[in-house]
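**Student:** Here's a structure for you.
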Amino acid sequence: MARLTLLLAIASSAAISAAAEESVKAVVPDVLPPLTWRDFEMEMVLGTLFVLYIVSWYRGKQENLKVAKRWMNAHVEYLEQQFALVGDKINNQRSILMKDGPADYLLYTTGRRNVQFGHWWIKLKPRNDALIYLLTRVLAFFGYAKRPTDRVTVDITLAKEVSQKFVFAILSASNAKDLRENRFDLKSMTRVSQSSEIPSNLTVYSESQKMTDMILATKLGQTVREPSFESLVISSMPKLEPKKYEGDGHMVISLAFELSTGSQPDTLVQIACELPDIIKSLHMTPEIQNKLRKNREDIEKQFAKRTAEERAEELARKKAEAKKAEEERVKKLSPTEQRKWEEKERAREMKKAQKKRTKRA
């Protein structure tokens, strides 16, 4: 009976397996259906977006090149009148604009009275990268980034013959405080200076109010009213805080303004070239000179105090390390040697105390 039951169970299991195989065969077709273009919709969309991005990158890069060349063509004649060399020589060939990326170009100038050299950075909108451009606009709207615009940033290092050494700045009022906090020269040497010569959207930082009045009485006072003006820093001090105070260095003019689209030389380009002569011609009165000298003496004292504190901390650290090493050495001595060491230490302390009493007497 048991055998019969076992045989029936095996037969039933075999029948179920056979039925399952037949159902699978019925569900799965013998031949897969042919592929159609709908099976590749996602790949086609991604491929199209990639191609559009590449095309946009290329067209944006070419547009930036056109903008840079158009600005250069409008100013090259004037710059060649101001400087002996405009551009640079690469493999004995002259190159005026040097490319520093799809949206950045560099122009080098040298060979002018009161000037060592100048770097003119043409920083354009990221037309080549639509995603970055859109993201920058969004961040600028909320105040987390600069508004994307075509701008020129000029850094001109003055010659050694320019003896005037000072720190002076005209910044946009919206971010003047942050810029000042991030620069050692402005933070340590200047204060807010008042002037009726500049519009309310600008802030002046200077070492002396009288020096401010004297500088803004020149052509510069009218030029900074241009809508395209962004910032100006004239400084003989380092931008980043040094470890050791070394006094004034070379005077450096840093001017930033929006790139013009006209065919005539920009007024701000002209003032950038004329500023070295304006600075050279400034007559510092004894009162201004005393103020500038006092500012530098105060900074020198601050650095000297900080250096003395650092040396004292280093000396205290070395003494603590030597004391700890001596204590570790004594722990390894025998009891007899430890007693002798303690007696020597007591004698030494008594001798020091006796010397102090003698000095007081």
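As shown in the structure tokens, the chain order sets the letters A, B, ...; within each chain, residues go from 1, and ligands are also counted from 1 in the order they appear.
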Near region 263-279 of chain A, within 7 Å and counting only C-alpha atoms, which residues show up once chain neighbours fewer than 2 positions away are dropped, as a list in words?

**Tutor:**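 With the cut-off at 7 Å, the set is Ala74, His75, Tyr78, Asn114, Val115, Leu158, Leu220, Thr223, Ser260, Thr261, Ser281 and Leu282 of chain A.
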
**Student:** Could you give me, as number ranges by chain, each residue of region 77-316 of chain A that DSSP assigns to strand (DSSP E) when run on this structure's backbone?

**Tutor:** A: 85-86, 88-90, 93-95, 97-99, 104-112, 115-123, 151-158, 167-172, 191-193, 202-206, 229-235, 252-258

**Student:** What's the 9 Å shell around Val233 (chain A), counting only C-alpha atoms, without same-chain residues fewer than 5 positions away, as a ChimeraX atom specification?

**Tutor:** /A:167-171,186,252-255

**Student:** Can those selected residues be exported to a file as a PDB file, in the first residue's frame so that it contains C-alpha atoms?

**Tutor:**
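Ended up saving to selection_23.pdb:
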```pdb
ATOM      1  CA  VAL A 167      46.867 102.141  -0.469  1.00  0.00           C
ATOM      2  CA  PHE A 168      43.683 103.479  -2.053  1.00  0.00           C
ATOM      3  CA  ALA A 169      40.531 101.820  -3.397  1.00  0.00           C
ATOM      4  CA  ILE A 170      37.163 102.604  -4.977  1.00  0.00           C
ATOM      5  CA  LEU A 171      34.798  99.634  -4.770  1.00  0.00           C
ATOM      6  CA  LEU A 186      42.792  97.262   2.478  1.00  0.00           C
ATOM      7  CA  VAL A 252      50.164  97.953  -8.435  1.00  0.00           C
ATOM      8  CA  ILE A 253      47.046  99.330 -10.123  1.00  0.00           C
ATOM      9  CA  SER A 254      44.114  96.894 -10.345  1.00  0.00           C
ATOM     10  CA  LEU A 255      41.194  98.190 -12.400  1.00  0.00           C
TER      11      LEU A 255
END
```

**Student:** Pick out each residue of region 196-357 of chain A that DSSP on the backbone tags as helix (DSSP H, G or I); I need them as a count of residues only.

**Tutor:** 96

**Student:** With only C-alpha atoms as the atoms that count, which of A:Ser228, A:Ala103, A:Lys280, A:Thr190 lies nearest to Glu161 (chain A)?

**Tutor:**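 The shortest atom-to-atom distance to Glu161 (chain A) comes from A:Lys280.
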
**Student:** Identify, on the basis of only C-alpha atoms, every residue whose closest approach to Ala68 (chain A) does not exceed 8 Å; exclude the query and any residue fewer than 4 positions from it along the same chain; express the result as an mmCIF file with N, CA and C atoms, in the first residue's frame.

**Tutor:**
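Generated output (out.cif):
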```
data_model
loop_
_atom_site.group_PDB
_atom_site.id
_atom_site.type_symbol
_atom_site.label_atom_id
_atom_site.label_comp_id
_atom_site.auth_asym_id
_atom_site.auth_seq_id
_atom_site.Cartn_x
_atom_site.Cartn_y
_atom_site.Cartn_z
ATOM 1 N N ASN A 64 32.715 84.165 -28.245
ATOM 2 C CA ASN A 64 33.630 84.822 -27.311
ATOM 3 C C ASN A 64 34.884 85.316 -28.015
ATOM 4 N N MET A 72 39.644 94.123 -28.975
ATOM 5 C CA MET A 72 41.061 94.322 -29.238
ATOM 6 C C MET A 72 41.274 95.249 -30.432
ATOM 7 N N TYR A 105 40.885 85.649 -22.103
ATOM 8 C CA TYR A 105 41.997 86.026 -22.970
ATOM 9 C C TYR A 105 42.906 86.970 -22.200
ATOM 10 N N ILE A 122 40.794 89.694 -20.313
ATOM 11 C CA ILE A 122 39.454 89.807 -20.891
ATOM 12 C C ILE A 122 38.669 88.581 -20.446
#
```

**Student:** Got a sec: who's within 10 Å of Gly101 (chain A), counting only C-alpha atoms, leaving out chain neighbours fewer than 4 positions off, as a PDB file with N, CA and C atoms, in the first residue's frame?

**Tutor:**
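Output below, filename part_28.pdb:
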```
ATOM      1  N   LYS A  61      32.092  79.420 -27.909  1.00  0.00           N
ATOM      2  CA  LYS A  61      33.530  79.702 -27.919  1.00  0.00           C
ATOM      3  C   LYS A  61      33.884  80.640 -29.068  1.00  0.00           C
ATOM      4  N   TYR A 105      40.885  85.649 -22.103  1.00  0.00           N
ATOM      5  CA  TYR A 105      41.997  86.026 -22.970  1.00  0.00           C
ATOM      6  C   TYR A 105      42.906  86.970 -22.200  1.00  0.00           C
ATOM      7  N   LEU A 106      44.191  86.942 -22.536  1.00  0.00           N
ATOM      8  CA  LEU A 106      45.188  87.741 -21.832  1.00  0.00           C
ATOM      9  C   LEU A 106      45.966  88.585 -22.826  1.00  0.00           C
ATOM     10  N   LYS A 123      37.755  88.788 -19.509  1.00  0.00           N
ATOM     11  CA  LYS A 123      36.976  87.680 -18.940  1.00  0.00           C
ATOM     12  C   LYS A 123      35.533  87.796 -19.441  1.00  0.00           C
TER      13      LYS A 123
END
```

**Student:** CA of Tyr108 (chain A) to CA of Gly87 (chain A): how many Å, to one decimal?

**Tutor:**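 Going from CA of Tyr108 (chain A) over to CA of Gly87 (chain A), I get 4.9 Å.
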
**Student:** Return the single residue from A:Met98, A:Leu52, A:Ala130, A:Met237 that is closest to Leu65 (chain A), with distances computed using only C-alpha atoms.

**Tutor:**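 Closest to Leu65 (chain A) of all the choices is A:Met98.
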
**Student:** Measuring between only C-alpha atoms, which one of A:Ile198, A:Leu240, A:Leu259, A:Val162 shows the shortest distance to Arg180 (chain A)?

**Tutor:**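 Closest to Arg180 (chain A), using only C-alpha atoms: A:Leu240.
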